[in-house]
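*Asks:* What follows is the file coords36.txt, containing compact mmCIF, C-alpha atoms:
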```
# COMPACT_ATOMS: atom_id res chain seq x y z
CA MET Y 1 -27.83 -85.18 21.66
CA ALA Y 2 -27.40 -81.42 22.14
CA ARG Y 3 -24.75 -78.74 21.90
CA LEU Y 4 -22.35 -79.33 24.78
CA THR Y 5 -22.40 -76.00 26.59
CA ARG Y 6 -21.19 -75.63 30.16
CA THR Y 7 -24.75 -75.21 31.40
CA PHE Y 8 -25.88 -78.37 29.64
CA VAL Y 9 -22.93 -80.43 30.84
CA ASP Y 10 -23.32 -79.21 34.43
CA GLY Y 11 -26.88 -80.52 34.32
CA LEU Y 12 -25.85 -84.07 33.42
CA GLY Y 13 -26.26 -86.41 36.35
CA ARG Y 14 -24.53 -89.69 37.05
CA ARG Y 15 -26.02 -93.02 36.05
CA ASP Y 16 -25.57 -96.67 36.84
CA ARG Y 17 -22.96 -96.94 34.10
CA THR Y 18 -20.39 -94.61 32.59
CA PHE Y 19 -21.83 -92.90 29.52
CA ILE Y 20 -20.81 -90.37 26.87
CA GLU Y 21 -23.00 -87.51 25.74
CA TRP Y 22 -22.10 -86.50 22.17
CA ASP Y 23 -22.19 -82.99 20.77
CA ASP Y 24 -24.84 -82.27 18.16
CA ASP Y 25 -22.76 -79.70 16.22
CA LEU Y 26 -19.31 -81.39 16.16
CA PRO Y 27 -19.44 -85.16 15.46
CA GLY Y 28 -16.85 -87.00 17.56
CA PHE Y 29 -16.78 -84.45 20.39
CA GLY Y 30 -18.36 -85.50 23.68
CA VAL Y 31 -18.31 -85.51 27.45
CA ARG Y 32 -17.85 -88.67 29.50
CA VAL Y 33 -19.65 -89.05 32.84
CA THR Y 34 -18.57 -91.80 35.23
CA THR Y 35 -20.70 -93.54 37.85
CA THR Y 36 -19.17 -91.24 40.47
CA GLY Y 37 -20.23 -88.16 38.53
CA ALA Y 38 -16.72 -87.22 37.29
CA LYS Y 39 -16.84 -85.53 33.88
CA SER Y 40 -14.18 -85.17 31.17
CA TRP Y 41 -14.08 -84.02 27.56
CA VAL Y 42 -13.36 -86.67 24.88
CA VAL Y 43 -12.93 -86.84 21.13
CA GLN Y 44 -13.47 -89.99 19.06
CA TYR Y 45 -12.56 -90.73 15.44
CA ARG Y 46 -11.77 -93.49 12.97
CA ALA Y 47 -8.10 -93.72 12.05
CA ALA Y 48 -6.60 -94.06 8.56
CA GLY Y 49 -8.95 -91.50 7.05
CA GLY Y 50 -12.14 -93.17 8.26
CA GLY Y 51 -14.07 -96.07 6.85
CA ARG Y 52 -15.86 -98.95 8.53
CA GLY Y 53 -12.73 -101.09 8.64
CA ALA Y 54 -10.62 -98.40 10.33
CA PRO Y 55 -9.94 -98.73 14.07
CA THR Y 56 -11.77 -96.37 16.42
CA ARG Y 57 -9.64 -94.12 18.62
CA ARG Y 58 -10.78 -92.18 21.65
CA MET Y 59 -8.78 -89.48 23.39
CA THR Y 60 -9.39 -87.66 26.65
CA LEU Y 61 -8.90 -83.92 26.30
CA GLY Y 62 -9.19 -82.97 29.95
CA THR Y 63 -11.62 -82.52 32.82
CA LEU Y 64 -14.19 -79.80 33.20
CA ALA Y 65 -11.98 -78.28 35.88
CA THR Y 66 -9.07 -77.83 33.48
CA LEU Y 67 -10.86 -77.03 30.20
CA THR Y 68 -13.82 -74.84 29.37
CA SER Y 69 -16.33 -76.16 26.86
CA GLU Y 70 -15.06 -73.80 24.17
CA LYS Y 71 -11.37 -74.74 24.67
CA ALA Y 72 -12.28 -78.41 24.66
CA ARG Y 73 -14.28 -77.91 21.44
CA GLY Y 74 -11.35 -76.10 19.83
CA GLY Y 75 -8.97 -78.91 20.79
CA ALA Y 76 -11.36 -81.50 19.36
CA LYS Y 77 -11.57 -79.56 16.08
CA ASP Y 78 -7.77 -79.51 15.78
CA ILE Y 79 -7.52 -83.26 16.36
CA LEU Y 80 -10.29 -84.06 13.88
CA ALA Y 81 -8.65 -81.80 11.29
CA THR Y 82 -5.39 -83.76 11.74
CA VAL Y 83 -7.31 -86.99 11.23
CA ARG Y 84 -8.83 -85.74 7.97
CA LEU Y 85 -5.28 -85.10 6.73
CA GLY Y 86 -4.34 -88.72 7.44
CA GLY Y 87 -2.99 -88.32 10.96
CA ASP Y 88 -3.61 -90.53 13.97
CA PRO Y 89 -2.98 -88.43 17.10
CA ALA Y 90 -3.98 -91.08 19.63
CA ASN Y 91 -1.63 -93.62 18.08
CA ASP Y 92 1.16 -91.03 18.00
CA ILE Y 93 0.73 -90.40 21.73
CA ALA Y 94 0.74 -94.13 22.44
CA LYS Y 95 3.95 -94.56 20.47
CA GLY Y 96 5.46 -91.62 22.31
CA ARG Y 97 4.75 -93.30 25.62
CA GLU Y 98 6.52 -96.41 24.36
CA ALA Y 99 9.54 -94.43 23.05
CA PRO Y 100 12.77 -95.42 24.85
CA THR Y 101 14.40 -93.17 27.42
CA ILE Y 102 18.05 -92.13 27.36
CA LYS Y 103 18.67 -94.55 30.22
CA GLU Y 104 17.20 -97.42 28.19
CA LEU Y 105 19.21 -96.55 25.06
CA ALA Y 106 22.52 -95.84 26.79
CA PRO Y 107 23.59 -99.53 27.06
CA LYS Y 108 23.08 -99.98 23.31
CA PHE Y 109 25.12 -96.86 22.51
CA LEU Y 110 27.88 -97.89 24.89
CA ARG Y 111 28.32 -101.36 23.41
CA ALA Y 112 31.77 -101.92 21.99
CA ASP Y 113 30.29 -102.83 18.58
CA ALA Y 114 27.89 -99.86 18.42
CA LYS Y 115 30.40 -97.86 16.39
CA VAL Y 116 33.26 -99.30 14.37
CA GLY Y 117 36.67 -97.94 15.28
CA ARG Y 118 35.78 -96.65 18.73
CA LYS Y 119 38.61 -97.27 21.17
CA ALA Y 120 38.11 -99.01 24.52
CA SER Y 121 39.44 -95.92 26.32
CA THR Y 122 36.91 -93.73 24.49
CA LEU Y 123 34.12 -96.12 25.41
CA ALA Y 124 35.18 -96.02 29.06
CA LEU Y 125 35.14 -92.21 29.01
CA TYR Y 126 31.66 -92.14 27.43
CA SER Y 127 30.42 -94.56 30.09
CA LEU Y 128 31.79 -92.28 32.80
CA TYR Y 129 30.04 -89.24 31.31
CA PHE Y 130 26.72 -91.08 31.18
CA LYS Y 131 27.03 -92.41 34.71
CA VAL Y 132 28.18 -89.20 36.39
CA HIS Y 133 26.51 -86.45 34.34
CA ILE Y 134 23.97 -87.47 31.70
CA LEU Y 135 21.81 -90.13 33.36
CA PRO Y 136 21.30 -88.27 36.67
CA ALA Y 137 20.17 -85.16 34.76
CA ILE Y 138 18.12 -86.41 31.79
CA GLY Y 139 18.28 -90.21 31.93
CA SER Y 140 14.52 -90.57 32.52
CA LYS Y 141 13.64 -88.37 29.52
CA ARG Y 142 12.47 -90.00 26.30
CA ALA Y 143 15.27 -89.49 23.80
CA LYS Y 144 12.90 -88.11 21.19
CA ASP Y 145 11.66 -85.43 23.60
CA VAL Y 146 15.00 -84.06 24.88
CA THR Y 147 15.35 -80.38 23.99
CA ASP Y 148 18.40 -78.27 23.32
CA ALA Y 149 17.42 -76.13 26.33
CA GLU Y 150 17.79 -79.16 28.63
CA ILE Y 151 21.23 -79.93 27.20
CA ARG Y 152 22.25 -76.28 27.59
CA LYS Y 153 21.17 -76.43 31.23
CA LEU Y 154 23.29 -79.53 31.81
CA HIS Y 155 26.20 -77.86 30.00
CA ARG Y 156 25.98 -74.82 32.30
CA GLN Y 157 25.69 -76.94 35.44
CA ILE Y 158 28.92 -78.80 34.64
CA GLY Y 159 30.84 -75.91 33.12
CA ILE Y 160 29.81 -73.00 35.37
CA ASP Y 161 28.31 -74.39 38.57
CA ALA Y 162 30.88 -77.21 38.88
CA GLY Y 163 33.69 -75.21 37.26
CA LYS Y 164 34.55 -77.85 34.64
CA PRO Y 165 34.14 -76.24 31.20
CA SER Y 166 36.26 -78.82 29.39
CA THR Y 167 34.25 -81.69 30.85
CA ALA Y 168 31.03 -79.86 30.00
CA ASN Y 169 32.12 -79.62 26.36
CA ARG Y 170 33.05 -83.30 26.26
CA VAL Y 171 29.65 -84.28 27.70
CA VAL Y 172 27.83 -82.28 25.01
CA ALA Y 173 30.02 -83.88 22.33
CA THR Y 174 29.15 -87.31 23.75
CA LEU Y 175 25.43 -86.48 23.64
CA SER Y 176 25.80 -85.26 20.06
CA GLY Y 177 27.33 -88.60 19.13
CA PHE Y 178 24.53 -90.38 21.02
CA PHE Y 179 21.75 -88.63 19.07
CA ALA Y 180 23.58 -89.04 15.75
CA TRP Y 181 23.88 -92.77 16.42
CA GLY Y 182 20.27 -93.05 17.61
CA THR Y 183 18.73 -91.41 14.55
CA LYS Y 184 20.94 -93.34 12.13
CA ALA Y 185 20.16 -96.64 13.87
CA ARG Y 186 16.45 -95.68 14.00
CA GLU Y 187 16.44 -96.04 17.75
CA ILE Y 188 15.37 -92.39 18.17
CA ASP Y 189 12.44 -90.99 16.19
CA ARG Y 190 13.66 -87.49 15.40
CA THR Y 191 15.41 -85.65 12.59
CA ASP Y 192 17.36 -83.06 14.60
CA ASN Y 193 20.30 -83.30 16.98
CA PRO Y 194 19.59 -81.12 20.04
CA ALA Y 195 23.23 -81.19 21.18
CA ARG Y 196 24.57 -79.56 18.01
CA THR Y 197 23.03 -76.17 18.75
CA VAL Y 198 24.77 -75.79 22.12
CA ASP Y 199 27.51 -73.16 22.19
CA LEU Y 200 30.59 -74.69 23.80
CA PHE Y 201 32.78 -72.98 26.37
CA ARG Y 202 36.08 -71.54 25.20
CA GLU Y 203 38.86 -73.73 26.50
CA THR Y 204 42.29 -72.47 27.43
CA SER Y 205 45.27 -74.50 26.32
CA ARG Y 206 46.77 -76.64 29.07
CA GLU Y 207 50.01 -77.49 27.30
CA ARG Y 208 53.06 -77.11 29.48
CA TYR Y 209 56.63 -77.46 28.29
CA LEU Y 210 59.43 -78.23 30.71
CA THR Y 211 62.51 -76.04 30.57
CA THR Y 212 66.01 -77.50 30.63
CA GLU Y 213 66.30 -76.59 34.31
CA GLU Y 214 62.94 -78.26 35.10
CA LEU Y 215 63.96 -81.39 33.22
CA ALA Y 216 67.14 -81.47 35.32
CA ARG Y 217 65.09 -81.28 38.54
CA LEU Y 218 62.78 -84.02 37.31
CA GLY Y 219 65.73 -86.26 36.45
CA ALA Y 220 67.35 -85.69 39.85
CA ALA Y 221 64.12 -86.53 41.67
CA LEU Y 222 63.68 -89.63 39.54
CA ARG Y 223 67.18 -90.90 40.32
CA GLU Y 224 66.71 -90.21 44.03
CA ALA Y 225 63.35 -92.01 44.02
CA GLU Y 226 64.74 -95.21 42.53
CA THR Y 227 67.94 -95.31 44.63
CA VAL Y 228 67.83 -93.91 48.16
CA GLY Y 229 64.13 -93.10 48.01
CA LEU Y 230 62.11 -89.92 48.45
CA PRO Y 231 61.85 -88.52 51.97
CA HIS Y 232 58.55 -88.27 53.85
CA LEU Y 233 57.90 -84.86 55.32
CA VAL Y 234 56.37 -85.12 58.81
CA ASP Y 235 54.85 -82.20 60.70
CA GLU Y 236 56.55 -82.57 64.06
CA THR Y 237 54.04 -80.22 65.69
CA LYS Y 238 51.18 -82.68 65.24
CA SER Y 239 50.34 -85.24 67.90
CA THR Y 240 50.54 -88.06 65.36
CA ALA Y 241 54.20 -87.25 64.62
CA LYS Y 242 55.34 -89.46 67.51
CA HIS Y 243 53.99 -92.50 65.64
CA ALA Y 244 55.90 -91.67 62.45
CA ARG Y 245 58.91 -93.67 61.33
CA LYS Y 246 62.40 -92.66 62.35
CA PRO Y 247 63.92 -89.99 60.09
CA GLU Y 248 66.33 -92.46 58.51
CA ASN Y 249 63.39 -94.73 57.57
CA ARG Y 250 61.17 -92.02 56.14
CA ARG Y 251 61.94 -92.74 52.51
CA THR Y 252 59.98 -94.40 49.69
CA ILE Y 253 61.71 -96.13 46.80
CA ILE Y 254 59.74 -96.46 43.57
CA ASP Y 255 60.01 -99.65 41.54
CA PRO Y 256 62.26 -99.76 38.44
CA HIS Y 257 59.32 -100.32 36.08
CA SER Y 258 57.62 -97.10 37.20
CA ALA Y 259 60.88 -95.21 36.73
CA ALA Y 260 61.37 -96.80 33.30
CA ALA Y 261 57.83 -95.82 32.26
CA ILE Y 262 58.40 -92.16 33.14
CA ARG Y 263 61.73 -92.09 31.31
CA LEU Y 264 60.21 -93.72 28.21
CA LEU Y 265 57.43 -91.13 28.17
CA ILE Y 266 60.03 -88.36 28.19
CA LEU Y 267 62.32 -89.95 25.62
CA THR Y 268 59.75 -91.19 23.08
CA GLY Y 269 56.84 -88.73 23.36
CA ALA Y 270 54.48 -91.71 23.51
CA ARG Y 271 51.07 -91.56 25.16
CA LEU Y 272 50.70 -92.99 28.66
CA ARG Y 273 48.61 -96.01 27.65
CA GLU Y 274 50.96 -96.75 24.76
CA ILE Y 275 53.72 -97.32 27.32
CA LEU Y 276 51.65 -98.97 30.07
CA HIS Y 277 50.01 -101.39 27.61
CA LEU Y 278 53.24 -102.09 25.73
CA LEU Y 279 53.97 -105.80 25.27
CA TRP Y 280 57.44 -107.24 24.98
CA THR Y 281 56.31 -108.75 21.66
CA ASN Y 282 55.90 -105.17 20.39
CA VAL Y 283 59.56 -104.34 21.15
CA ASP Y 284 62.28 -104.79 18.52
CA LEU Y 285 65.53 -103.71 20.15
CA GLU Y 286 67.63 -104.87 17.21
CA ARG Y 287 65.96 -102.38 14.87
CA GLY Y 288 65.23 -99.89 17.63
CA MET Y 289 61.46 -99.88 17.11
CA LEU Y 290 58.18 -100.33 18.94
CA PHE Y 291 55.35 -101.74 16.84
CA LEU Y 292 52.04 -100.95 18.54
CA ASP Y 293 49.11 -103.09 17.43
CA ASP Y 294 46.61 -100.46 18.50
CA SER Y 295 46.99 -96.85 19.62
CA LYS Y 296 44.69 -93.84 19.66
CA THR Y 297 45.30 -93.39 15.93
CA GLY Y 298 45.47 -97.10 15.03
CA ARG Y 299 48.55 -99.23 14.30
CA LYS Y 300 51.64 -97.19 15.02
CA PRO Y 301 55.45 -97.60 14.91
CA ILE Y 302 57.60 -95.69 17.40
CA VAL Y 303 61.29 -95.10 16.74
CA LEU Y 304 63.49 -95.79 19.77
CA ASN Y 305 66.45 -93.50 20.32
CA ALA Y 306 69.60 -94.78 22.00
CA PRO Y 307 68.65 -93.74 25.57
CA ALA Y 308 65.25 -95.46 25.19
CA VAL Y 309 66.90 -98.63 23.87
CA GLN Y 310 69.26 -98.61 26.86
CA ILE Y 311 66.35 -98.37 29.31
CA LEU Y 312 64.46 -101.25 27.70
CA SER Y 313 67.60 -103.39 27.47
CA ALA Y 314 68.26 -103.03 31.21
CA LEU Y 315 64.64 -103.63 32.28
CA SER Y 316 63.79 -107.04 33.73
CA ARG Y 317 61.11 -109.07 31.93
CA VAL Y 318 58.65 -110.08 34.63
CA GLY Y 319 55.60 -110.77 32.48
CA GLN Y 320 54.21 -110.06 29.03
CA PHE Y 321 53.90 -106.31 29.65
CA VAL Y 322 57.04 -104.16 29.53
CA ILE Y 323 55.87 -102.08 32.51
CA ALA Y 324 55.07 -104.81 34.99
CA GLY Y 325 52.17 -104.40 37.40
CA ARG Y 326 51.08 -106.30 40.50
CA SER Y 327 49.61 -109.14 38.43
CA ALA Y 328 52.76 -109.59 36.32
CA GLY Y 329 53.60 -113.21 35.60
CA THR Y 330 50.21 -114.57 36.69
CA GLU Y 331 47.42 -116.09 34.59
CA GLU Y 332 45.33 -112.96 35.14
CA GLU Y 333 48.06 -110.52 34.19
CA ALA Y 334 46.81 -107.08 33.23
CA PRO Y 335 48.58 -103.83 32.32
CA ARG Y 336 49.06 -101.07 34.85
CA THR Y 337 46.27 -98.52 34.80
CA ASP Y 338 48.22 -95.47 35.94
CA LEU Y 339 51.37 -93.99 37.52
CA HIS Y 340 49.56 -91.69 39.94
CA ARG Y 341 51.42 -92.44 43.17
CA PRO Y 342 55.02 -92.42 41.89
CA TRP Y 343 54.30 -89.45 39.63
CA ARG Y 344 52.87 -87.36 42.49
CA ALA Y 345 55.84 -88.17 44.71
CA ILE Y 346 58.43 -87.35 42.04
CA THR Y 347 56.86 -84.08 40.85
CA LYS Y 348 56.44 -82.94 44.45
CA ARG Y 349 60.11 -83.62 45.15
CA ALA Y 350 61.13 -81.81 41.94
CA ASP Y 351 58.88 -78.84 42.85
CA LEU Y 352 56.81 -79.34 39.70
CA GLN Y 353 53.33 -79.37 41.23
CA GLY Y 354 50.58 -79.39 38.63
CA LEU Y 355 52.74 -81.04 35.99
CA ARG Y 356 50.72 -83.70 34.15
CA ILE Y 357 52.17 -86.88 32.72
CA HIS Y 358 50.83 -85.83 29.30
CA ASP Y 359 53.01 -82.70 29.53
CA LEU Y 360 56.02 -84.97 28.97
CA ARG Y 361 54.67 -85.62 25.48
CA HIS Y 362 54.33 -81.88 24.87
CA THR Y 363 57.87 -81.37 26.16
CA HIS Y 364 59.21 -84.01 23.78
CA ALA Y 365 57.61 -82.16 20.86
CA SER Y 366 58.71 -78.72 22.06
CA VAL Y 367 62.36 -79.78 22.32
CA GLY Y 368 62.19 -81.07 18.76
CA ALA Y 369 60.54 -77.89 17.50
CA GLY Y 370 63.13 -75.72 19.22
CA ALA Y 371 65.93 -77.78 17.69
CA GLY Y 372 64.64 -77.09 14.18
CA VAL Y 373 62.93 -80.45 13.59
CA GLY Y 374 60.16 -79.88 11.06
CA LEU Y 375 56.53 -80.11 12.17
CA PRO Y 376 55.77 -83.02 9.77
CA ILE Y 377 58.57 -85.03 11.38
CA ILE Y 378 57.34 -84.15 14.88
CA GLY Y 379 53.84 -85.22 13.84
CA ALA Y 380 55.24 -88.54 12.61
CA ILE Y 381 57.12 -89.08 15.88
CA LEU Y 382 54.02 -88.39 17.96
CA GLY Y 383 51.73 -90.36 15.68
CA HIS Y 384 49.38 -87.49 14.86
CA ALA Y 385 46.74 -88.45 12.29
CA ASP Y 386 46.01 -84.79 11.50
CA ALA Y 387 48.68 -82.19 10.69
CA ALA Y 388 46.55 -79.56 12.45
CA THR Y 389 47.24 -81.32 15.75
CA THR Y 390 50.97 -80.75 15.34
CA ALA Y 391 50.50 -77.13 14.29
CA LYS Y 392 50.17 -76.01 17.92
CA TYR Y 393 53.96 -76.45 18.25
CA ALA Y 394 54.67 -74.06 15.36
CA HIS Y 395 55.32 -71.11 17.67
CA LEU Y 396 58.16 -73.07 19.28
CA ALA Y 397 59.94 -73.87 16.05
CA ASN Y 398 63.32 -72.36 15.24
CA ASP Y 399 62.04 -71.12 11.89
CA PRO Y 400 63.11 -68.23 9.62
CA VAL Y 401 60.60 -65.87 11.25
CA ARG Y 402 62.20 -66.40 14.65
CA ARG Y 403 65.72 -66.00 13.27
CA ALA Y 404 64.72 -62.83 11.43
CA SER Y 405 63.22 -61.42 14.61
CA GLU Y 406 66.45 -62.18 16.49
CA ARG Y 407 68.51 -60.37 13.82
CA ILE Y 408 66.27 -57.29 13.72
CA GLY Y 409 66.06 -57.05 17.50
CA GLY Y 410 69.82 -57.47 17.80
CA ASP Y 411 70.50 -54.75 15.23
CA ASN Y 412 68.14 -52.34 16.97
CA ALA Y 413 69.67 -53.04 20.38
CA ALA Y 414 73.17 -52.53 18.95
CA ALA Y 415 72.12 -49.24 17.35
CA MET Y 416 70.95 -48.11 20.80
CA GLY Y 417 74.30 -49.14 22.24
CA GLU Y 418 72.77 -51.81 24.47
CA ALA Y 419 73.96 -55.03 22.83
CA PRO Y 420 76.30 -56.19 20.08
CA PRO Y 421 74.64 -57.10 16.76
CA PRO Y 422 74.07 -60.80 16.10
CA PRO Y 423 76.54 -62.58 13.80
CA PRO Y 424 75.61 -62.67 10.12
CA ASP Y 425 73.23 -65.49 9.32
CA SER Y 426 72.72 -66.59 5.76
CA ASN Y 427 69.30 -67.96 6.72
CA VAL Y 428 67.94 -64.59 7.85
CA VAL Y 429 65.01 -63.51 5.73
CA VAL Y 430 65.81 -60.22 3.92
CA PRO Y 431 62.87 -58.35 2.40
CA MET Y 432 63.18 -57.71 -1.35
CA VAL Y 433 62.79 -54.13 -2.58
CA ARG Y 434 61.04 -53.55 -5.90
CA VAL Y 435 63.11 -51.27 -8.18
CA ARG Y 436 61.19 -48.89 -10.39
CA GLN Y 437 62.10 -49.24 -14.06
```
If you convert what's in this file into structure tokens, what do you get?

*Replies:*
Amino acid sequence: MARLTRTFVDGLGRRDRTFIEWDDDLPGFGVRVTTTGAKSWVVQYRAAGGGRGAPTRRMTLGTLATLTSEKARGGAKDILATVRLGGDPANDIAKGREAPTIKELAPKFLRADAKVGRKASTLALYSLYFKVHILPAIGSKRAKDVTDAEIRKLHRQIGIDAGKPSTANRVVATLSGFFAWGTKAREIDRTDNPARTVDLFRETSRERYLTTEELARLGAALREAETVGLPHLVDETKSTAKHARKPENRRTIIDPHSAAAIRLLILTGARLREILHLLWTNVDLERGMLFLDDSKTGRKPIVLNAPAVQILSALSRVGQFVIAGRSAGTEEEAPRTDLHRPWRAITKRADLQGLRIHDLRHTHASVGAGAGVGLPIIGAILGHADAATTAKYAHLANDPVRRASERIGGDNAAAMGEAPPPPPDSNVVVPMVRVRQ
């Protein structure tokens, strides 16, 4: 034994068998020499605070090419100090290598029973985020080693590089839920949540409310689509135009169930899946009610107004679902998944490009707010679980603030000789003046 200086170690030659030369000054620190002459620094200790019964651990610190003798000695001292405090660095590294990756844990997180109360639609969205965004970027990383910097990088790639800030925010929220679940279920050995420190992008509101004139155009296009059909526009300058149908045959008629679905969305303010997954057993025409077994906010009743009752009464019952799909009436009947094709055709005809189906729900609420229906009632109609969700329609309400503004503006315009004053309104808010005693 001797002090392991670089000069001494360089002088060690290879032997018939691999051997370790131990340092004379620092017990447990040594250099291993293989039969080929390759040399590497090692540290050896007894776990669990030492003792004859404790298991022996040996760790490789690095090769002579990567570590000087002094750096290797310093690293060995740090490890041995950790051992004296009850640590077991070698075992910790071994456990780290066995720690599951995000890809290995994802199937457990995405099980339907992983979290009570999670909707099937939410689960499908989470699965999509993992498949498209999360797994390709950090799926091979051990969950316990993922850093907030890596999640920020993914967030920027989706939000800035791909131009999808809303999706980027949803992906981070999904990862936050993943780490919260993993630590609580003891599947991930960490105490922090790296997704919670990520600053989300500011999202602009996408709510759109149809005007009376736009609703009229939508209704006209809907009636045309279900009767004579919507015309196909053919570019006669293209060579393929000669193969197109004759002008009188260039029309597409949408089926009555698609038309009924769109009308019910407008008239009830229901969510798309609440209408597409609606069963005839959920419909009570006598009481004018829909009783949904499961919606985004749980069990939910929907009041049917007279126009909605009329639509449902006239609709043919093909299968168990109100909005019949291709599999209606068969043993493998399933609800329709979307209304993409008829919706695109109708909105194009009505010159309402960019209008989303969900905007019909916003329009339903906006009409109610403008008519003076209170926000709590609108929230009840839409099935909002949180009053804050309904509050976004407050600026549309015909409330005292709006009426007061109309009165003041009208008086000012009349004083300028540009408009007559508004008629007296007992509901106008009049400020009270304090009288000095």

*Asks:* What is the atom CA of Gln353 of chain Y to atom CA of Lys164 of chain Y distance in Å?

*Replies:*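 If I compute the distance from atom CA of Gln353 of chain Y to atom CA of Lys164 of chain Y, I get 20.0 Å.
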
*Asks:* Between atom CA of Ala99 of chain Y and atom CA of Lys71 of chain Y, what is the spacing in Å?

*Replies:*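 Computing the Euclidean distance for atom CA of Lys71 of chain Y and atom CA of Ala99 of chain Y yields 28.8 Å.
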
*Asks:* Looking at Y:Gly163, Y:Ala149, Y:Ser121, Y:Asp293, which one is nearest to Leu272 of chain Y, with distances taken over only C-alpha atoms?

*Replies:* Y:Ser121

*Asks:* Under the rule that all atoms listed in the file are counted, which of Y:Leu312, Y:Ile188, Y:Val318, Y:Ile160 is the nearest residue to Arg263 of chain Y?

*Replies:* Y:Leu312

*Asks:* Please determine, counting only C-alpha atoms, which residue among Y:Gly219, Y:Gly159, Y:Pro100, Y:Pro194 has the shortest atom-to-atom distance to Lys141 of chain Y.

*Replies:* Y:Pro100

*Asks:* To one decimal in Å, tell me the separation between atom CA of Asp255 of chain Y and atom CA of Glu286 of chain Y.

*Replies:*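 The value is 26.0 Å.
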
*Asks:* Restricting the calculation to only C-alpha atoms, which member of Y:Leu267, Y:Arg336, Y:Phe19, Y:Thr281 is positioned closest to Asn305 of chain Y?

*Replies:* Y:Leu267
